[in-house]
Each structure stands twice: as C-alpha cells, then as structure tokens.
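**Q** Just passing along the structure, written as structure tokens.
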Amino acid sequence: MLGTINFPILTWITFLPILGILIVLLVPNGKDEKGQELSKNIIRWVSLGITFLQLVLAFVIYFNFNPALTGVNDIKTFQFVEKLSWINAHLPMVGDIKIEYFLGLDGLSVPMILLTAIICFIAVFPSFGINKAVKGYFAMYLLLDLGMMGVFCALDFFLFYLFWELMLLPMYFLIGIWGGPRKEYAAIKFFIYTLVGSVFMLLVMIGLYHSTGSFNIIEMMNGHNFRPDSIFGGLNTTIRYTAFMGLFIGFAIKVPAFPFHTWLPDAHVEAPTPISVILAGVLLKMGAYGMMRIAFPIFPDAFGYFQTLIAWIGMISIVYGAFCALGQHKVGKRDFKKLIAYSSVSHMGLVLLGMASMRPEGMVGAIFQMFNHGIITAMLFMIVGVIYDRAHTRGLDDFGGLAKKMPVYTGIMAIAFFAAIGLPGMSGFISEVLVFLGAFQSYPVLTVISGLSIILGAAYMLWALQKIFFGAIPEKWQGPWDPTHTKYKTDDVNMLEKVALIPLAIIILFLGVYPNPILNLMTGSVNQFIELMRPFVYIGGSLVGM
Amino acid sequence: MMDTSHITADLIKSMGMFLPETTLIVTFLLTMIFDMVSKKSKQIAFYTAMVGLIITGIFLFQQTGLSYKGFANLLVIDSYGQFFKFIILISSILVIIFSYFSDELQSAHSKLGEYYTLIIGMTFGMFLLVGSSNLIMIYVSIEIMSISSYILAGYTKEVKRASEASLKYVIFGAVSSGIMIYGISILFGLTGSLNLFEINQFLSSNKVDTLPLLLGGLMILSGFGYKISAVPFHFWTPDVYEGAPITITAYLSVASKAAGFAVMMRYFKTAFYGPIIGSADAWNLLGNIDWHYVIAVLAVLTMTLGNLGALWQDNMKRMLAYSSIAHAGYLLMAVSVMNDNGVSAVLIYFFFYMLMNLGAFFVVQLISNKLKSENSEDYSGLGYRSPVLAVCLVVFLISLTGLPPTAGFIGKLYVFTAVLKSGYVWLAIVGVLNSVVSLYYYVKVIRNMYLRDVDSKESKLVYSPVTIAIVLMLAIPTLLFGMFFTPIVDWANYSAHIFLGN
C-alpha cells in the first residue's frame, strides 16, 4: 500500500468534471439522418465516462489508503496530500492573507469520497431520461459533482467554503429547470436555506482566520495556534459558543436536522430523480461531514457544552422524521418521494445522535450510517423514479398489485426497503446497531426513545411496500405501461435501470454481511478524533446521564 | 507688501501635479470644439473623449507613489486618490463605450457631442473631489460633478420620465448641498478654518463643544450621503436611476459613488483623525464624537432598506438602483470601522463593484436595445435566446450577491474581515443576513432567464462580436478575480494610506 503516490490524484478526482464540462459544452448540436439528436447521446456517454473515471480513481484511493495513518488533527498522517500556496496577499494590519490549495484524506473522508464517486456514477443512468436542455443539464451535473468532491477533499477552510458554495448554483438550476410543478419554489427555498447557513460559516471562518492567522483546518484544531487575545482565543467563551452554534446551524441545515429540515421535502419532491438521488445520497452527508471535520474539532469545548443539545436534536429528528413519514399515509396527498424524504430526516438524525455520543462505536456507526444511507436512499429514489417514469404519478394510493406486473422490480425494491428499515443482513442494520450501541452508553434515555422509531420506520416502509405491490392492481394500470412498446419494451425494469440498481443492492447486501471494508477505513481516525475531543466532552458509561 | 514668490512657486509646482486634471479640461474643450466644427463625422466627440481619457490615464499612472499637497493645501495628490481616480477613469471610459452602443442615445440624437463633453466634465469634477482637502473645494467639486450629472440624467429629454428624473435630481441635490454648506459654515465657525488639516490641528489642541460639532459633521455627512445614496438621503436614487439613460445610471452608480466614498473617508481621516496615537485598529477620533456608531447605523439602514426595496422591483434599472443602495450600505460598514483595514476593504470592494455593476448594466442595456424593455418579467427564456449574455449576467448577479467564486465574494470577504477584526460582530451578522435577502431578487432575474420559457420559440437575439467581447471583458475578470485576487488586494493595500500632509 502506498500512502503517498506521486500523482495528484485528488486534483484529478476533483477536477475531472471540468474536462467533462468542456467536452459537453463543445459538442456541436447536430442531427443524424433520422432526425435523432446525436449530441444528446454523446453528452450522456461523456458524462458517464467522466464519472466512471472518477469511480476508478476513488477505488485507486481506496486500495492505496493506509488506515493505520489516522489524520484528523495530525497533519503528517494525512494521505494523498497536495499543498500549494494559492493566494498570498499582503495586508500588514490584518496579517498576510494566505490561502493554500490544500487537499488530503483521512479515515473520515475516504468513505465519503467513495460514496460520492459511486452515487455520481450511478445517478448518470436515470439522467439518461432527461430530454430537456441536455447540454445544460450535464454541465450542471458535473459542476455539482466537482463541488461535492472538493468539499470532501479540502483541508483549507477557504477552499472548503469555495467548494461548498460552488454547489449552490448548479443545484438551483437542476431543481429549477428540470424539476416538477413547484420547482421554482423548491429551488429558491433550497438556495436561501443553504445560503443562510453558509453566511454564518463565512463569518466564523473569518473569525478563525483572525485568531489563528491561517485558513488551515488542521491548525485550527490545535488550541496553541489561537492567539490568546484574539476573538476565538481561550476556551469556553461566549463568542466561541456563538461561533460553534453558527457553524452547527450552517451544517445542520444541510443535514438537515430538526428544525431546519423543511426545505428537504420540497426539494426532493420537485427535483428530478437523479438529482434527488444526489441530494439524498451525497449532499446531506456534507452537513454531517462538516460537523466532524470543522465544527466539532475546532470548537471541542463548545461541543462539550452543547453535546446534550445535539443529542436531543438528533433524537427529535429521528422521531419527528419518522412520524412525518408515517403521516404521509394519512393526509390526502400520499407522496412516495415525501415519504422517503422524511425518512431521510429520521435516518440522518441517527448520524447526529451517533456523533453526539462521542463513543468510538457511535462515531463509527455515524459515518457508516452516512455511507449506508447514501446508498440506500439513492436506491429508494431511483425506485420511485422507475414507476414515476411509467405512471407519471408518485401517489401511493394510485398503485397496487405491482408485484405481479414487475417481479424483478419488486425484488429490488424489497431489498432497499428492508435495508432502510434496518433488517439484519443489510448494511443499514450494522450502522444502526453501532450508533445505538455508542449512544446508549452516553444517552440511554434518548437512545431508547430513538430506538422506538425503528418500529415507526418499519410501519411506514412496510405500509408503502404493501400499498404498491400487493392487493388488486388498479384498473388503469391493467395493461402494459407503454402499449406501443416504443419506450418500454417490457413492463418490468429495463436494462439501464437494472445496471443502476443492482450494484447498489449488492453493496447493501455485501456490507450487511461483511462491513469491514468500510469500517476498517475509519476506526483509526475515529479513535484519534475521540482522543482529540475527550478532554472536553461528556462520555457516558453510567446510566445516570441523559 | 506680501511676499508672493513662494505662492507662485507652489502654484508652478502644483500645476505639474495637475496634469491629469489639465488633460481633462483640454479634452472637455476639444470635444466640444471638434463636435461643433466637424459636420460630417457623427462620432468625432466619442473618439476625442476616448483619446483624452486614455491620455489622462497615462498621466495618472505617472503619479504613482507621489504624496503631495498643492494649490495652497486645497488639493492632495496621493496613492489613495490615485486608486479612486483610476476607478472613476475606467468607469468613464467604459460608460463612453457603452454609450456608443446605446440605441436609446444613438437613435434619438443625431449628435452626442454635449453628452460626451458633460461626461468629461463630470469626470473632472470627480477627480477634483477625490483630491480635495478643503471644505470649499469639496463643495465646489461636488457642484461641478452634480451640475453635469443633472443634465446627463435628463439627456433623453423627449422621454418623460427622464425629465422627471432630472428635475428630482436637481431638487434633491440643491437641498442636500444647501444643508452641506450650512454644515461647513458651522464647522468653520467652530474651528476657524476650512482646511481639513487645520481643522484637525485645531480639534486636537482645543476642546470644542460636542453638539455643534456633531451637527455640523452630520450636515456635511448628508452631502456625502446624497452622493453615495445612503439612507436617509437616498430617495432620489430609484427614480433618477430608472429615468436616466442606462449608461448614465451605470455611471452614477459607480463613478459618482466612488467619488463620494473617496471624499467621505478622506474627510474623516484628515479632519477627525488624532495623530497622537497611531493605532491601525481604530483611528483615534477627535471631538468626543463616536463616528463609528453614526456610520454603522447609517450602514445598517442603508443596506436593509436598499435590499428590502429591491425585493419588489420588476424594472431592472430600478432593481439595480436599490441594489446599489444596498451596496453603499456594505461599503459604509467598512467605512464605519474607521481604520486602514476598512479603507483597504472599501478600495477592494469598489474595484470589484465597478466590474460587476457596470457589467450588469451593460447587459441590461444590450437586452433593452433588442427587447425594448427593462422589465425582468420580459427576460423569460433569455438564457436560451441569448446564451452568452445570459451567462454573463448570471456571473454579474452572483457576484453582486457575493457568492464564490466571483470577485464580489472577495469584496465581501474583505469588508467582513475588516468589520470582524474591529469586533463589530453584530454589524457583520446584519451584513451577511442582508446578503441572503439580496439573493432573492438577484436570483429572480436568473429564474426568469432560465426557469421560464425553457422551450422558447422566440428568435435568438443576435449581438455583434464587439459588444459580446466587451461584456466578456467584464465577466471574465469578475470570475478570475474571485480566484486570484492578490494583485488588486496588494494595490488597494498600497493605496489605503490617506496622505495626512506630514
């Protein structure tokens, strides 16, 4: 295993989409003899190729990554590091502004890189169905891809912020142009919510810069680098608590945690299938990742102060999200996508609870849950996309008895649903158990309450499964989806959909039985992380703590 | 008998330092004369003005590094002034180029001789204003630039709203300069001098009554506030910006604001800065008045009202007018810090603001040439009808919002850096929340261009390569400076030291 390879692999994996964007934009608009637009297919395959290359690079990273080197707050044990001076502006009074192009990976980020590469590649398949302004769509798609990769690679706060904000505009367009009926509302809501979060991050970033004289995230984790008289100097000051809260809210909006989650159902319902997949699969993880990478280790004292609050927010998100998802069965409009969106709130609450526990099991569980949730929810959204493409509705009441009509589809969907519930043998089970194991030691009561939500999860998932697949098939879907057989030759999932769905199902089943390939990546880093936080946090062990 | 020899020597030396301004006067006259003499060429005034401005730029460049008080301390030449003069000069050149492509101007008037002449005159007034270190000089320069701008605002006199704009501008201008001159008289009465350096000396060695000083100071501030359209002196802005030709709106929103900010900061630093403690973190203010808070309150009011006003606008010019009020608010935030960091931040912000705001106005002008509309509702589907222009407008608007990776973000970054560095956390929070509000109305335009009428069957808008190239010349730096901003920051930082005459 080579910890350091002489190839700027992180630059490549991050900026490969630029190459894709250039090709996509330069493809001329032409039609062949049959009037088919050639350029559309070229653009689609180029995008697939670029994301496939990213996936290959992600696996190269995976196999060359040395889990024994822990990273987190130790600059020397980061891997694949690229560090260049980027901006060096002299301001004698402020101190020179030095921004570095600083990329590197540790056990916290490698699973995310892998997840991003997988999801971005898989989500190209449902994108093949996009027919409106294909060129713009894939250019935006690849730009989004670039931003996400960059966020997980960046170790310089300025660079991180740049990538973080870079995703806003493509996402706005992707929801706003290719979305559903209320796309304008959903797109601007997403934009404004996220921007509110990130402007606070901007202020904290500037404050941190004044305090440490650098944008280097790793250096900010070391209390000695803070000038004692600076704004964030010292420990347990009000301004540090405020700054932590600013960062936390910024990231919590992205997670999204209760009570900042209201943009998510709207965004998911209106976004086209592949964008829902990316949103749930990767974007939400960036919030939790930001907490792990920035908010918690830079302000460990403030984390200690708010630890219980964060655990409570996690618990409330879990229970509230589950109830909202369940509520989708009662109100008039029973929307399949909304159900999954709320289940995401619930499942991401688990991540918060796991992190708040500050136990190794809980942390590992939280990161693994991020990975699993990414894969499982991506699958769920694609499954919704499959029937939406055919029936043009997502109303749960509109379906029934599809098991006879689409057997393969039913099988795939069952795997995804059971994984979402957390059935043993599926990857979701492992991460949930780990989170609860960790959280129980720190916050037993909250954990028990959260654990009950599993029952709610089973209830809404199984209810939806039953509604769609069993019972009598509604009259209007008795015949084939597409009587002319031009678009859909068979009633069941087609080849393209299988190619996208089956690998995800395999990942879920494989990791459910043998989770070590992912868990091994992060255990070292998580232990290092806990060591860093230990002096400041409450770590349970007795049953007294809430 | 007074010995006048040293005055003469001063005058002769000062004239040497006065080359850029002299060039402007010569250009002013030549533009007028050539336009009258030449019957054939319609565009002779345009070329004369351009050549004159470029020569001015060369002379201005030669003044790099100079610090000099001339004309019996009426004018100061320093790198701070040079920075602002460059901003004014570049805006003038760009606006003259914009005017060349403006249908609104070119079709209505057979000749634009006076138009270009007046722009040169206004540039001259602003150059003087930037360098003024005497209250009367400040007043006279403001009048020189104002009178030119009153006429320019109503230049398309056959348009009703232009005449209205011009009249409104004159009335508000007259009132505010009246208040200003009254303030000057109070300050003169208190300190016995009109010269900013002498006022400073007087204030630092004598105790002055706070109330009249505050009153006089506020009255003078209202004159500057009018120029930079700060709340509550902003009422003229939306109407004038909407009524005036787009080119002039663009010019007022950048150059005239730059001159206003330049003189305001010079006035504060030169007159109210205590030389005893030379701390960079805060200027030691004289006269027991905390100008920080006065300006901070103005800043909060300005950006909040500007942004809230812009939310409801459909007319692009009116929307950009309110947005320029909001930007004045962000800039005032940096001024309120009252230290050299704040000055650098204003300079940096201004340079980027010039690029993005002029760019946005030029695109609006080009679109209005074709669509005959400035209403953002008519922009629907524009992203598909005119891809390049629409993408450039997106860049400008995103930059105005202050999102990375654009120059506007870097401007905001430095403003907030200066504010936070001085410990005004509340002010910074108000500032960032304001930029979230601003997102809504900027994105509204983007929404109309891209999210509406996606399958527009309307014909494509065709523009000449030259105009597209000019737009790109503004859009590409807006993006590039968002990623590599070192040169501008270095330049601004070098220019941030206002010459205090020592």
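We name chains A, B, ... following the order of the structure tokens; residues begin at 1 in each chain, and ligands are numbered from 1 as shown.
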Residues at most 12 Å from region 440-443 of chain A, counting only C-alpha atoms, excluding those fewer than 3 positions away in the same chain, as a ChimeraX atom specification?
**A** /A:307-312,314-315,353-362,432-437,446-451,537-546
**Q** Write the residues of the preceding selection, restricted to C-alpha atoms, as a compact mmCIF listing (two decimals), in the first residue's frame.
**A**
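What landed in result_34.txt:
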# COMPACT_ATOMS: atom_id res chain seq x y z
CA GLN A 307 -23.33 17.97 23.43
CA THR A 308 -26.60 17.10 25.09
CA LEU A 309 -28.47 19.58 22.96
CA ILE A 310 -27.05 17.96 19.83
CA ALA A 311 -28.08 14.55 21.07
CA TRP A 312 -31.57 15.90 21.66
CA GLY A 314 -30.64 14.00 16.84
CA MET A 315 -33.35 12.24 18.81
CA LEU A 353 -27.05 11.02 17.74
CA GLY A 354 -24.09 8.80 16.98
CA MET A 355 -21.72 11.75 16.79
CA ALA A 356 -23.12 13.33 19.93
CA SER A 357 -22.41 10.17 21.87
CA MET A 358 -18.64 10.68 21.33
CA ARG A 359 -18.08 6.97 21.72
CA PRO A 360 -16.00 5.13 19.15
CA GLU A 361 -18.89 2.81 18.31
CA GLY A 362 -21.24 5.72 17.92
CA GLU A 432 -27.89 1.48 13.30
CA VAL A 433 -26.73 -1.05 15.84
CA LEU A 434 -23.35 0.68 16.13
CA VAL A 435 -24.98 4.07 16.61
CA PHE A 436 -27.35 2.78 19.27
CA LEU A 437 -24.53 0.90 20.95
CA LEU A 446 -32.62 9.38 24.35
CA THR A 447 -31.38 6.21 22.72
CA VAL A 448 -34.32 4.18 23.92
CA ILE A 449 -36.74 6.78 22.60
CA SER A 450 -34.90 6.85 19.29
CA GLY A 451 -34.87 3.07 19.15
CA VAL A 537 -16.82 16.09 26.27
CA TYR A 538 -19.14 14.03 28.33
CA ILE A 539 -18.65 10.35 27.74
CA GLY A 540 -21.21 8.25 29.48
CA GLY A 541 -20.79 4.89 30.98
CA SER A 542 -23.26 5.06 33.76
CA LEU A 543 -26.99 5.10 33.36
CA VAL A 544 -27.29 8.45 35.05
CA GLY A 545 -26.64 10.72 32.11
CA MET A 546 -29.43 11.80 29.83
**Q** Residues of chain A within 9 Å of chain B, using only C-alpha atoms, as a ChimeraX atom specification?
**A** /A:86-94,132-133,161-163,165-166,169,173,176-178,183-184,188,191-192,195-196,199-200,202-203,206-207,210,231
**Q** I need the strand (DSSP E or B) residues of region 12-225 of chain B per DSSP on the backbone, written as an MDAnalysis selection string.
**A** chainID B and resid 68:70 75:77 132 134 195
**Q** Taking only C-alpha atoms into account, which of B:Met356, B:Leu19, B:Ile325, B:Met219 comes nearest Gly402 (chain B)?
**A**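 Of all the options, B:Met356 lies closest to Gly402 (chain B).
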